[in-house]
$ cat coords06.txt   # compact mmCIF, C-alpha atoms
# COMPACT_ATOMS: atom_id res chain seq x y z
CA MET A 1 4.26 18.61 -1.95
CA ALA A 2 5.99 15.53 -0.59
CA THR A 3 4.07 13.26 1.73
CA LYS A 4 4.93 13.20 5.42
CA PRO A 5 4.22 10.32 7.81
CA ASP A 6 0.60 10.52 8.85
CA ASP A 7 -0.32 10.03 12.50
CA LYS A 8 -3.87 9.30 11.29
CA ALA A 9 -2.78 6.69 8.75
CA LEU A 10 -5.69 4.41 9.66
CA TRP A 11 -8.27 7.17 10.08
CA ILE A 12 -11.17 7.24 7.60
CA PRO A 13 -13.06 10.52 6.98
CA GLU A 14 -16.58 10.43 8.38
CA HIS A 15 -18.29 10.53 4.96
CA PHE A 16 -16.40 7.42 3.80
CA ARG A 17 -16.74 5.26 6.93
CA LYS A 18 -20.00 3.54 5.96
CA SER A 19 -18.61 2.83 2.49
CA ALA A 20 -15.43 1.38 4.01
CA GLN A 21 -17.51 -0.88 6.23
CA ASN A 22 -19.69 -2.03 3.31
CA ILE A 23 -16.61 -2.76 1.20
CA ALA A 24 -15.02 -4.68 4.06
CA GLU A 25 -18.10 -6.85 4.48
CA ASP A 26 -18.28 -7.54 0.75
CA ALA A 27 -14.56 -8.29 0.39
CA VAL A 28 -14.46 -10.69 3.34
CA LYS A 29 -17.59 -12.48 2.17
CA GLN A 30 -16.24 -12.86 -1.38
CA PHE A 31 -12.58 -13.59 -0.82
CA VAL A 32 -11.77 -14.96 2.65
CA LYS A 33 -11.84 -18.75 2.84
CA ASP A 34 -10.69 -21.34 5.36
CA SER A 35 -6.97 -22.09 5.66
CA GLN A 36 -5.75 -19.12 3.61
CA VAL A 37 -2.47 -17.25 3.92
CA ILE A 38 -3.52 -13.58 3.85
CA GLY A 39 -1.28 -10.60 3.14
CA LEU A 40 -2.25 -7.49 5.09
CA GLY A 41 -1.48 -4.29 3.22
CA SER A 42 -1.70 -0.76 4.53
CA GLY A 43 -4.02 2.22 4.65
CA PRO A 44 -7.33 2.95 6.35
CA MET A 45 -9.48 1.09 3.82
CA ALA A 46 -7.35 -2.06 4.09
CA ALA A 47 -7.46 -1.74 7.87
CA ALA A 48 -11.26 -1.79 7.69
CA ILE A 49 -11.09 -5.15 5.92
CA ILE A 50 -8.64 -6.48 8.52
CA LYS A 51 -11.08 -5.48 11.28
CA GLU A 52 -13.86 -7.30 9.43
CA ILE A 53 -11.72 -10.45 9.17
CA GLY A 54 -11.27 -10.17 12.93
CA LYS A 55 -15.06 -10.55 13.33
CA LEU A 56 -15.09 -14.01 11.74
CA PRO A 57 -15.96 -16.97 13.98
CA PRO A 58 -13.00 -18.36 15.95
CA GLU A 59 -13.17 -21.71 14.16
CA ILE A 60 -12.48 -19.92 10.84
CA LYS A 61 -9.92 -17.43 12.17
CA LYS A 62 -7.78 -20.16 13.68
CA THR A 63 -7.24 -21.62 10.19
CA LEU A 64 -5.96 -18.32 8.75
CA LYS A 65 -2.32 -17.22 8.62
CA CYS A 66 -1.64 -13.50 8.18
CA ILE A 67 1.47 -11.61 7.06
CA ALA A 68 1.54 -7.92 7.99
CA SER A 69 3.23 -5.26 5.89
CA SER A 70 3.89 -3.00 8.89
CA THR A 71 3.92 -2.95 12.68
CA GLN A 72 0.84 -0.73 12.67
CA ILE A 73 -1.16 -3.21 10.59
CA LYS A 74 0.19 -6.08 12.69
CA GLN A 75 -1.31 -4.47 15.78
CA GLU A 76 -4.68 -4.17 14.03
CA ALA A 77 -4.55 -7.87 13.19
CA LEU A 78 -3.53 -8.92 16.69
CA ALA A 79 -6.38 -6.84 18.12
CA GLY A 80 -8.71 -9.05 16.08
CA ASN A 81 -7.01 -12.21 17.37
CA LEU A 82 -5.63 -13.05 13.93
CA THR A 83 -2.56 -15.28 13.71
CA ILE A 84 0.56 -13.50 12.42
CA VAL A 85 3.17 -15.65 10.68
CA ASP A 86 6.65 -14.82 9.37
CA ASN A 87 7.88 -14.18 5.85
CA ASN A 88 8.51 -17.87 5.18
CA PHE A 89 4.87 -17.97 4.10
CA VAL A 90 5.17 -15.17 1.50
CA PRO A 91 5.40 -17.61 -1.46
CA GLU A 92 2.13 -19.14 -0.28
CA VAL A 93 0.06 -15.93 -0.02
CA ASP A 94 -3.44 -16.65 -1.29
CA ILE A 95 -4.69 -13.07 -1.18
CA ILE A 96 -3.58 -9.60 -0.14
CA PHE A 97 -5.92 -6.81 0.90
CA ASP A 98 -4.31 -3.44 0.34
CA GLY A 99 -4.96 0.26 -0.19
CA ALA A 100 -3.48 2.85 -2.52
CA ASP A 101 -2.45 6.48 -2.28
CA GLN A 102 -3.46 7.11 -5.89
CA LEU A 103 -4.57 5.12 -8.97
CA ASP A 104 -4.35 6.40 -12.56
CA SER A 105 -6.64 5.68 -15.52
CA GLN A 106 -4.67 2.49 -16.27
CA LEU A 107 -4.96 1.36 -12.63
CA ASN A 108 -1.26 1.83 -11.97
CA MET A 109 -0.81 2.83 -8.34
CA ILE A 110 1.29 5.04 -6.14
CA LYS A 111 1.82 3.48 -2.72
CA GLY A 112 4.15 4.10 0.20
CA GLY A 113 2.59 7.07 1.96
CA GLY A 114 2.76 5.04 5.16
CA GLY A 115 6.32 3.88 4.46
CA ALA A 116 5.62 0.16 3.92
CA LEU A 117 6.13 0.03 0.13
CA LEU A 118 8.94 -2.57 0.20
CA LYS A 119 7.01 -5.21 2.13
CA GLU A 120 3.82 -4.39 0.25
CA LYS A 121 5.47 -4.94 -3.13
CA VAL A 122 6.97 -8.23 -1.95
CA LEU A 123 3.53 -9.38 -0.82
CA HIS A 124 1.99 -8.28 -4.13
CA SER A 125 4.60 -10.23 -6.05
CA GLY A 126 3.80 -13.44 -4.20
CA ALA A 127 0.01 -13.14 -3.92
CA LYS A 128 -2.32 -15.25 -6.04
CA THR A 129 -5.10 -12.63 -5.65
CA ILE A 130 -4.79 -8.88 -5.02
CA VAL A 131 -7.70 -6.78 -3.73
CA ILE A 132 -7.31 -2.99 -3.69
CA THR A 133 -9.65 -0.55 -2.01
CA ALA A 134 -9.44 3.25 -2.04
CA GLU A 135 -11.61 6.31 -1.70
CA CYS A 136 -13.01 7.75 -4.95
CA PHE A 137 -10.82 10.88 -4.87
CA LYS A 138 -7.71 8.69 -5.10
CA TYR A 139 -8.76 7.51 -8.57
CA VAL A 140 -7.30 10.08 -11.00
CA LYS A 141 -6.60 10.39 -14.72
CA THR A 142 -2.86 10.91 -14.23
CA PHE A 143 -0.72 10.98 -11.11
CA ASP A 144 -0.43 14.37 -9.44
CA ARG A 145 1.36 13.53 -6.20
CA SER A 146 4.84 12.54 -5.10
CA ILE A 147 6.25 9.04 -5.52
CA PRO A 148 7.78 7.50 -2.39
CA ILE A 149 11.20 6.02 -3.17
CA GLU A 150 12.84 3.94 -0.43
CA ILE A 151 16.61 4.36 -0.50
CA HIS A 152 19.70 3.26 1.38
CA PRO A 153 20.88 6.18 3.57
CA PHE A 154 24.42 5.90 2.12
CA ALA A 155 23.05 6.86 -1.31
CA LEU A 156 20.99 9.87 -0.20
CA TYR A 157 22.97 12.69 -1.78
CA ILE A 158 23.83 11.03 -5.07
CA LEU A 159 20.23 9.87 -5.50
CA GLN A 160 18.91 13.37 -4.89
CA LYS A 161 21.16 14.61 -7.70
CA LYS A 162 20.33 11.75 -10.07
CA LEU A 163 16.60 12.13 -9.57
CA GLU A 164 16.88 15.84 -10.33
CA SER A 165 19.23 15.63 -13.32
CA GLU A 166 18.14 12.36 -14.97
CA HIS A 167 14.43 12.20 -14.16
CA GLU A 168 13.42 15.88 -13.78
CA GLY A 169 12.40 14.96 -10.26
CA LYS A 170 11.97 17.07 -7.17
CA PRO A 171 13.00 14.74 -4.33
CA GLU A 172 12.30 15.66 -0.74
CA LEU A 173 13.64 13.65 2.18
CA ARG A 174 10.73 12.49 4.32
CA MET A 175 11.09 13.97 7.79
CA LEU A 176 9.50 13.49 11.19
CA ASN A 177 7.90 16.42 12.99
CA GLU A 178 10.87 16.45 15.39
CA GLY A 179 13.20 17.32 12.52
CA TYR A 180 14.78 13.88 12.09
CA PRO A 181 14.66 11.85 8.86
CA TYR A 182 11.85 9.31 8.71
CA VAL A 183 13.33 5.80 8.87
CA THR A 184 11.39 2.84 7.49
CA GLU A 185 11.02 -0.42 9.39
CA ASN A 186 13.78 -1.70 7.10
CA GLY A 187 16.21 1.00 8.26
CA ASN A 188 16.04 3.09 5.09
CA PHE A 189 15.13 6.67 4.11
CA ILE A 190 12.32 7.76 1.78
CA LEU A 191 12.63 10.39 -0.92
CA ASP A 192 9.15 11.65 -1.78
CA THR A 193 9.73 12.65 -5.40
CA VAL A 194 7.53 14.71 -7.68
CA ILE A 195 8.08 13.80 -11.35
CA PRO A 196 6.16 16.19 -13.65
CA SER A 197 5.25 13.72 -16.38
CA ILE A 198 5.30 9.91 -16.56
CA PRO A 199 4.13 8.76 -20.03
CA ASP A 200 5.07 5.12 -19.32
CA VAL A 201 4.62 4.21 -15.65
CA GLN A 202 6.03 0.70 -15.95
CA LYS A 203 9.13 1.96 -17.72
CA LYS A 204 9.64 4.63 -15.07
CA GLU A 205 9.25 2.05 -12.30
CA ILE A 206 12.02 -0.05 -13.85
CA GLU A 207 14.26 2.98 -14.47
CA LEU A 208 14.00 4.22 -10.89
CA LYS A 209 14.45 0.76 -9.41
CA SER A 210 17.65 0.27 -11.42
CA ILE A 211 19.46 3.24 -9.84
CA PRO A 212 22.09 2.00 -7.35
CA GLY A 213 20.94 2.78 -3.82
CA VAL A 214 17.21 2.58 -4.59
CA ILE A 215 15.64 -0.18 -2.51
CA GLU A 216 12.06 0.06 -3.80
CA VAL A 217 9.81 2.43 -5.75
CA GLY A 218 6.24 3.37 -4.85
CA LEU A 219 5.00 2.81 -8.39
CA PHE A 220 2.94 -0.41 -8.52
CA THR A 221 2.16 -1.56 -12.04
CA LYS A 222 1.02 -5.13 -11.36
CA HIS A 223 -2.76 -5.08 -11.76
CA ALA A 224 -5.03 -6.31 -8.99
CA ASN A 225 -7.84 -8.83 -9.37
CA MET A 226 -10.43 -6.59 -7.74
CA TYR A 227 -10.67 -2.83 -7.22
CA TYR A 228 -13.11 -1.21 -4.81
CA LYS A 229 -13.94 2.50 -5.05
CA ALA A 230 -15.48 4.00 -1.92
CA LYS A 231 -17.95 6.84 -2.41
CA GLU A 232 -19.81 8.93 0.13
CA GLY A 233 -22.86 7.76 2.01
CA GLY A 234 -22.12 4.05 2.09
CA VAL A 235 -21.95 3.64 -1.69
CA PHE A 236 -19.12 1.81 -3.46
CA GLU A 237 -18.20 0.44 -6.86
CA SER A 238 -16.18 -2.67 -7.63
CA LYS A 239 -14.29 -3.70 -10.73
CA GLU A 240 -13.08 -7.25 -11.23
CA MET A 241 -10.19 -7.80 -13.62
CA ARG A 242 -10.20 -10.96 -15.75
$ encode --input "coords06.txt" --output "structure tokens"
Amino acid sequence: MATKPDDKALWIPEHFRKSAQNIAEDAVKQFVKDSQVIGLGSGPMAAAIIKEIGKLPPEIKKTLKCIASSTQIKQEALAGNLTIVDNNFVPEVDIIFDGADQLDSQLNMIKGGGGALLKEKVLHSGAKTIVITAECFKYVKTFDRSIPIEIHPFALYILQKKLESEHEGKPELRMLNEGYPYVTENGNFILDTVIPSIPDVQKKEIELKSIPGVIEVGLFTKHANMYYKAKEGGVFESKEMR
């Protein structure tokens, strides 16, 4: 089933809330330093970290510059009195805190359930350190959900055919509840595409990205520096990549 925009995109299930808070405290303590440029990714777990950054003393917060991947996350940051800067600072991003919709056994990720995959991937590409946090059920052996693919509206019909005929995909145009196509903050459409088997995720990411009309693909193959796995009851695991 293709993913639809989620009105509860920043909502954390009750049994994961304590874990999210514990991860946020640990991540901020370990990674946030004075005078950093911080990329703000998406998802409820990343939002928990952003809220924790907002609790820092004013004298530290005023030295931080934040770049938000979406309007929703920007509002979370502003609520914490964090300073939002423009994309001129992307090449200087010290760290990005982000979530994931799913992670496979090789720690490749599917992202874009909230529609911010383009800005997220740009931030990942420029960040010196990447920190990912996700609930335990999002860690899987192999992907079993749709891949968000951001496309130019002009290419909608040809891309639907190409994804079906050349990639054995089942693309579904993301829609709003009112019956209109979902439009990203960049003015594009999203095809949530189920692909039955992906033996080589990096190769598939490149193949999909190379199709004319595709703006960005929700396959993220650049490994993070730290992964947090939230479990129930306040418990979490962390894995640092060397």
$ residues_around --input "coords06.txt" --residues "Glu120 of chain A" --least-positions-apart "2" --cutoff "9 Å" --atoms "only C-alpha atoms" --output "JSON, numbers by chain"
{"A": [39, 40, 41, 42, 68, 69, 70, 98, 111, 112, 116, 117, 118, 122, 123, 124, 125]}
$ write_last_selection --input "coords06.txt" --atoms "C-alpha atoms" --output "PDB file, in the frame of the given file"
ATOM      1  CA  GLY A  39      -1.280 -10.600   3.140  1.00  0.00           C
ATOM      2  CA  LEU A  40      -2.250  -7.490   5.090  1.00  0.00           C
ATOM      3  CA  GLY A  41      -1.480  -4.290   3.220  1.00  0.00           C
ATOM      4  CA  SER A  42      -1.700  -0.760   4.530  1.00  0.00           C
ATOM      5  CA  ALA A  68       1.540  -7.920   7.990  1.00  0.00           C
ATOM      6  CA  SER A  69       3.230  -5.260   5.890  1.00  0.00           C
ATOM      7  CA  SER A  70       3.890  -3.000   8.890  1.00  0.00           C
ATOM      8  CA  ASP A  98      -4.310  -3.440   0.340  1.00  0.00           C
ATOM      9  CA  LYS A 111       1.820   3.480  -2.720  1.00  0.00           C
ATOM     10  CA  GLY A 112       4.150   4.100   0.200  1.00  0.00           C
ATOM     11  CA  ALA A 116       5.620   0.160   3.920  1.00  0.00           C
ATOM     12  CA  LEU A 117       6.130   0.030   0.130  1.00  0.00           C
ATOM     13  CA  LEU A 118       8.940  -2.570   0.200  1.00  0.00           C
ATOM     14  CA  VAL A 122       6.970  -8.230  -1.950  1.00  0.00           C
ATOM     15  CA  LEU A 123       3.530  -9.380  -0.820  1.00  0.00           C
ATOM     16  CA  HIS A 124       1.990  -8.280  -4.130  1.00  0.00           C
ATOM     17  CA  SER A 125       4.600 -10.230  -6.050  1.00  0.00           C
TER      18      SER A 125
END
$ residues_around --input "coords06.txt" --residues "Ile53 of chain A" --least-positions-apart "4" --cutoff "10 Å" --atoms "all atoms listed in the file" --output "list in words"
Ala24, Glu25, Ala27, Val28, Lys29, Val32, Ala47, Ala48, Ile49, Pro57, Ile60, Lys61, Leu64, Ala77, Gly80, Asn81 and Leu82 of chain A
$ atom_distance --input "coords06.txt" --atom1 "atom CA of Pro153 of chain A" --atom2 "atom CA of Phe189 of chain A"
5.8 Å
$ closest_residue --input "coords06.txt" --among "A:Lys65, A:Gly113, A:Gly187, A:Thr142" --to "Arg174 of chain A" --atoms "all atoms listed in the file"
A:Gly113
$ residues_around --input "coords06.txt" --residues "segment 156-165 of chain A" --least-positions-apart "5" --cutoff "12 Å" --atoms "only C-alpha atoms" --output "list in words"
Ile147, Ile149, Glu150, Ile151, Lys170, Pro171, Glu172, Leu173, Arg174, Pro181, Asn188, Phe189, Ile190, Leu191, Asp192, Thr193, Val194, Ile195, Pro196, Lys204, Glu207, Leu208, Lys209, Ser210, Ile211, Pro212, Gly213, Val214 and Ile215 of chain A
$ atom_distance --input "coords06.txt" --atom1 "atom CA of Cys136 of chain A" --atom2 "atom CA of Thr71 of chain A"
26.7 Å
$ residues_around --input "coords06.txt" --residues "Lys121 of chain A" --least-positions-apart "6" --cutoff "9 Å" --atoms "all atoms listed in the file" --output "ChimeraX atom specification"
/A:216-218,220
$ atom_distance --input "coords06.txt" --atom1 "atom CA of Ala127 of chain A" --atom2 "atom CA of Ile95 of chain A"
5.4 Å
$ closest_residue --input "coords06.txt" --among "A:Pro199, A:Gly179, A:Gly234, A:Gly169" --to "Asp104 of chain A" --atoms "all atoms listed in the file"
A:Pro199
$ closest_residue --input "coords06.txt" --among "A:Lys51, A:Arg17, A:Arg242, A:Lys229" --to "Val140 of chain A" --atoms "only C-alpha atoms"
A:Lys229
$ closest_residue --input "coords06.txt" --among "A:Phe143, A:Phe97, A:Trp11, A:Phe16" --to "Ser197 of chain A" --atoms "only C-alpha atoms"
A:Phe143
$ closest_residue --input "coords06.txt" --among "A:Ile73, A:Val131, A:Leu107, A:Leu219" --to "Gln30 of chain A" --atoms "all atoms listed in the file"
A:Val131
